[in-house]
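Chemist: Sharing input.csv below, CSV, C-alpha atoms:
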chain,number,residue,atom,x,y,z
A,392,MET,CA,0.0,0.0,0.0
A,393,ALA,CA,2.7,2.4,0.9
A,394,GLY,CA,4.5,1.9,-2.4
A,395,SER,CA,1.3,2.6,-4.4
A,396,ASN,CA,0.6,5.7,-2.3
A,397,GLY,CA,4.1,7.1,-3.0
A,398,ALA,CA,3.6,6.4,-6.8
A,399,ASN,CA,0.3,8.2,-6.7
A,400,SER,CA,1.8,11.2,-5.1
A,401,GLY,CA,4.6,11.2,-7.6
A,402,ALA,CA,2.0,11.1,-10.5
A,403,ARG,CA,0.1,14.0,-8.9
A,404,MET,CA,3.3,16.0,-8.6
A,405,GLN,CA,4.1,15.4,-12.3
A,406,SER,CA,0.6,16.4,-13.4
A,407,LYS,CA,0.7,19.4,-11.1
A,408,ALA,CA,4.1,20.5,-12.6
A,409,ARG,CA,2.6,20.0,-16.1
A,410,ALA,CA,-0.5,22.0,-15.2
A,411,ALA,CA,1.7,24.8,-13.9
A,412,GLY,CA,3.2,25.0,-17.4
A,413,SER,CA,6.6,23.5,-16.4
A,414,GLU,CA,8.0,21.0,-18.8
A,415,LEU,CA,9.5,18.1,-16.9
A,416,ILE,CA,13.3,18.1,-17.2
A,417,GLU,CA,14.9,14.7,-17.6
A,418,GLY,CA,16.7,13.7,-14.4
A,419,GLU,CA,15.0,16.3,-12.3
A,420,ALA,CA,12.4,15.5,-9.7
A,421,PRO,CA,8.9,17.0,-10.4
A,422,ASP,CA,9.0,19.0,-7.1
A,423,GLN,CA,12.3,20.6,-8.1
A,424,VAL,CA,10.9,21.6,-11.5
A,425,GLU,CA,7.9,23.2,-9.8
A,426,ALA,CA,10.3,25.0,-7.4
A,427,MET,CA,12.3,26.4,-10.3
A,428,HIS,CA,9.1,27.5,-12.0
A,429,THR,CA,8.0,29.3,-8.8
A,430,ARG,CA,11.3,31.1,-8.6
A,431,LEU,CA,11.1,32.2,-12.2
A,432,LEU,CA,7.6,33.5,-11.6
A,433,CYS,CA,8.8,35.4,-8.6
A,434,LEU,CA,11.7,37.0,-10.5
A,435,LEU,CA,9.5,38.0,-13.4
A,436,ALA,CA,6.9,39.4,-11.0
A,437,HIS,CA,9.6,41.8,-9.7
A,438,LEU,CA,10.2,43.0,-13.3
A,439,VAL,CA,6.6,43.8,-14.1
A,440,GLY,CA,6.4,47.6,-14.7
A,441,LEU,CA,10.1,47.9,-15.5
A,442,GLN,CA,12.0,48.3,-18.8
A,443,VAL,CA,13.1,44.9,-20.1
A,444,LYS,CA,14.9,43.5,-23.2
A,445,VAL,CA,13.4,40.3,-24.7
A,446,THR,CA,15.2,38.2,-27.3
A,447,THR,CA,13.1,35.8,-29.3
A,448,THR,CA,14.1,32.5,-30.9
A,449,SER,CA,14.1,34.3,-34.3
A,450,SER,CA,16.9,36.6,-32.9
A,451,ASP,CA,14.6,39.6,-32.8
A,452,VAL,CA,15.3,41.9,-29.8
A,453,TYR,CA,12.6,44.0,-28.3
A,454,HIS,CA,12.7,46.6,-25.6
A,455,GLY,CA,9.6,47.6,-23.7
A,456,ILE,CA,7.8,47.8,-20.3
A,457,LEU,CA,6.9,44.3,-19.0
A,458,PHE,CA,3.2,44.6,-18.6
A,459,SER,CA,2.2,41.1,-17.6
A,460,ILE,CA,3.3,37.5,-17.5
A,461,ASN,CA,1.3,34.3,-17.8
A,462,PRO,CA,1.6,32.4,-14.5
A,463,ASN,CA,0.8,29.1,-16.3
A,464,ASP,CA,3.7,29.6,-18.7
A,465,ALA,CA,6.1,32.0,-17.1
A,466,GLN,CA,7.9,32.9,-20.4
A,467,SER,CA,4.7,34.2,-22.1
A,468,LEU,CA,4.6,37.9,-21.6
A,469,VAL,CA,3.2,41.2,-22.7
A,470,LEU,CA,5.3,44.2,-23.5
A,471,ARG,CA,3.9,47.7,-23.6
A,472,TYR,CA,5.4,50.5,-25.7
A,473,ALA,CA,7.9,48.0,-27.3
A,474,TYR,CA,10.3,48.8,-30.1
A,475,ALA,CA,12.6,46.5,-32.1
A,476,GLU,CA,16.3,47.0,-31.3
A,477,ASN,CA,17.3,46.9,-35.0
A,478,GLY,CA,14.2,49.0,-36.0
A,479,SER,CA,14.1,52.7,-36.9
A,480,LYS,CA,14.2,55.0,-33.9
A,481,ALA,CA,11.7,57.2,-35.7
A,482,ALA,CA,9.2,54.4,-35.9
A,483,PRO,CA,6.4,54.7,-33.2
A,484,PRO,CA,6.6,52.0,-30.5
A,485,ILE,CA,4.3,49.0,-30.6
A,486,ASP,CA,1.5,49.7,-28.1
A,487,THR,CA,1.1,46.1,-27.0
A,488,LEU,CA,3.3,43.2,-28.0
A,489,VAL,CA,2.5,39.6,-26.9
A,490,ILE,CA,5.4,37.1,-27.0
A,491,ARG,CA,4.5,33.5,-26.6
A,492,GLY,CA,6.6,31.3,-24.3
A,493,GLU,CA,7.9,29.1,-27.0
A,494,ASP,CA,9.1,32.2,-28.9
A,495,CYS,CA,10.9,33.7,-25.9
A,496,LEU,CA,14.6,33.0,-25.6
A,497,GLU,CA,15.9,35.5,-23.1
A,498,ILE,CA,14.4,38.2,-20.8
A,499,CYS,CA,16.8,40.8,-19.3
A,500,GLY,CA,15.8,43.4,-16.8
A,501,GLU,CA,17.1,45.1,-13.7
A,502,ALA,CA,15.0,44.9,-10.6
A,503,ALA,CA,15.9,46.5,-7.3
A,504,PHE,CA,15.5,44.2,-4.3
A,505,SER,CA,15.5,46.1,-1.1
A,506,GLU,CA,17.1,44.5,1.9
A,507,VAL,CA,16.3,45.8,5.3
A,508,SER,CA,18.8,44.8,7.9
A,509,ALA,CA,18.3,45.0,11.7
A,510,GLY,CA,21.1,47.6,12.0
A,511,SER,CA,19.7,50.0,9.4
A,512,ALA,CA,17.5,52.8,10.7
A,513,ARG,CA,15.5,55.3,8.9
A,514,VAL,CA,16.6,58.8,8.8
A,515,GLY,CA,13.9,61.4,9.3
A,516,PHE,CA,10.4,59.9,9.6
A,517,LYS,CA,10.1,57.0,12.0
A,518,THR,CA,7.1,54.7,12.5
A,519,ASP,CA,6.0,53.5,15.9
A,520,THR,CA,7.6,50.1,15.1
A,521,ASP,CA,10.9,51.9,14.3
A,522,ILE,CA,10.8,53.7,17.6
A,523,SER,CA,9.9,50.6,19.7
A,524,ARG,CA,12.8,48.7,18.1
A,525,SER,CA,15.3,51.3,19.0
A,526,GLY,CA,15.9,49.7,22.4
A,527,GLY,CA,16.5,53.0,24.1
A,528,GLN,CA,14.2,55.0,26.2
A,529,ALA,CA,11.4,56.7,24.2
A,530,SER,CA,11.8,60.4,24.5
A,531,ALA,CA,9.3,63.2,23.8
A,532,ARG,CA,9.4,64.2,20.2
A,533,GLU,CA,8.1,67.2,18.4
A,534,LEU,CA,5.0,66.7,16.3
A,535,HIS,CA,4.9,68.1,12.7
A,536,ARG,CA,2.0,69.0,10.5
Let me see the structure of the file written as structure tokens.
Modeler:
Amino acid sequence: MAGSNGANSGARMQSKARAAGSELIEGEAPDQVEAMHTRLLCLLAHLVGLQVKVTTTSSDVYHGILFSINPNDAQSLVLRYAYAENGSKAAPPIDTLVIRGEDCLEICGEAAFSEVSAGSARVGFKTDTDISRSGGQASARELHR
């Protein structure tokens, strides 16, 4: 019984990975493939609203604002105000450009990940949480409009 239960859970994981749009990679466990897919979605979600460069399988390069991604196929995306890298600069940008996952070769963008450390303190405005974490005695402060 235990063996068949494990086989069923493995089959469920495989179908779940396929349903998530992840192609199973030979030699990789389905849960690892799903984890990689989730990481890719997270990274792409941080790029939404930012300028990106997309290279297609036909070697076309487009620059534009990443407008949306398809969570079922993380490489299918929509660019707004896109223009071709080798195209004329005088040509108006493409208002909405949809690039299918199988046509997408590379996505380049720069996302800023903010990291808050325990030692860093805000300068200027402080919230009640910032004040309570200071560890020192709370002193009277001047209120501003």
Chemist: For a test of reading the model, state the distance in Å between CA of Ala475 in chain A and CA of Ile490 in chain A, rounded to one decimal.
Modeler: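 Separation of CA of Ala475 in chain A and CA of Ile490 in chain A: 12.9 Å.
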Chemist: When you draw a straight line from CA of Ala426 in chain A to CA of Cys495 in chain A, how long is it in Å?
Modeler: 20.5 Å
Chemist: What's around range 432-436 of chain A at 12 Å? Count only C-alpha atoms, leave out sequence neighbours fewer than 3 positions away in its own chain, and write the answer as number ranges by chain.
Modeler: A: 411-413, 425-429, 439-443, 457-469, 497-504
Chemist: Just the number, please: distance in Å from CA of Ala473 in chain A to CA of Ile456 in chain A, one decimal.
Modeler: 7.0 Å
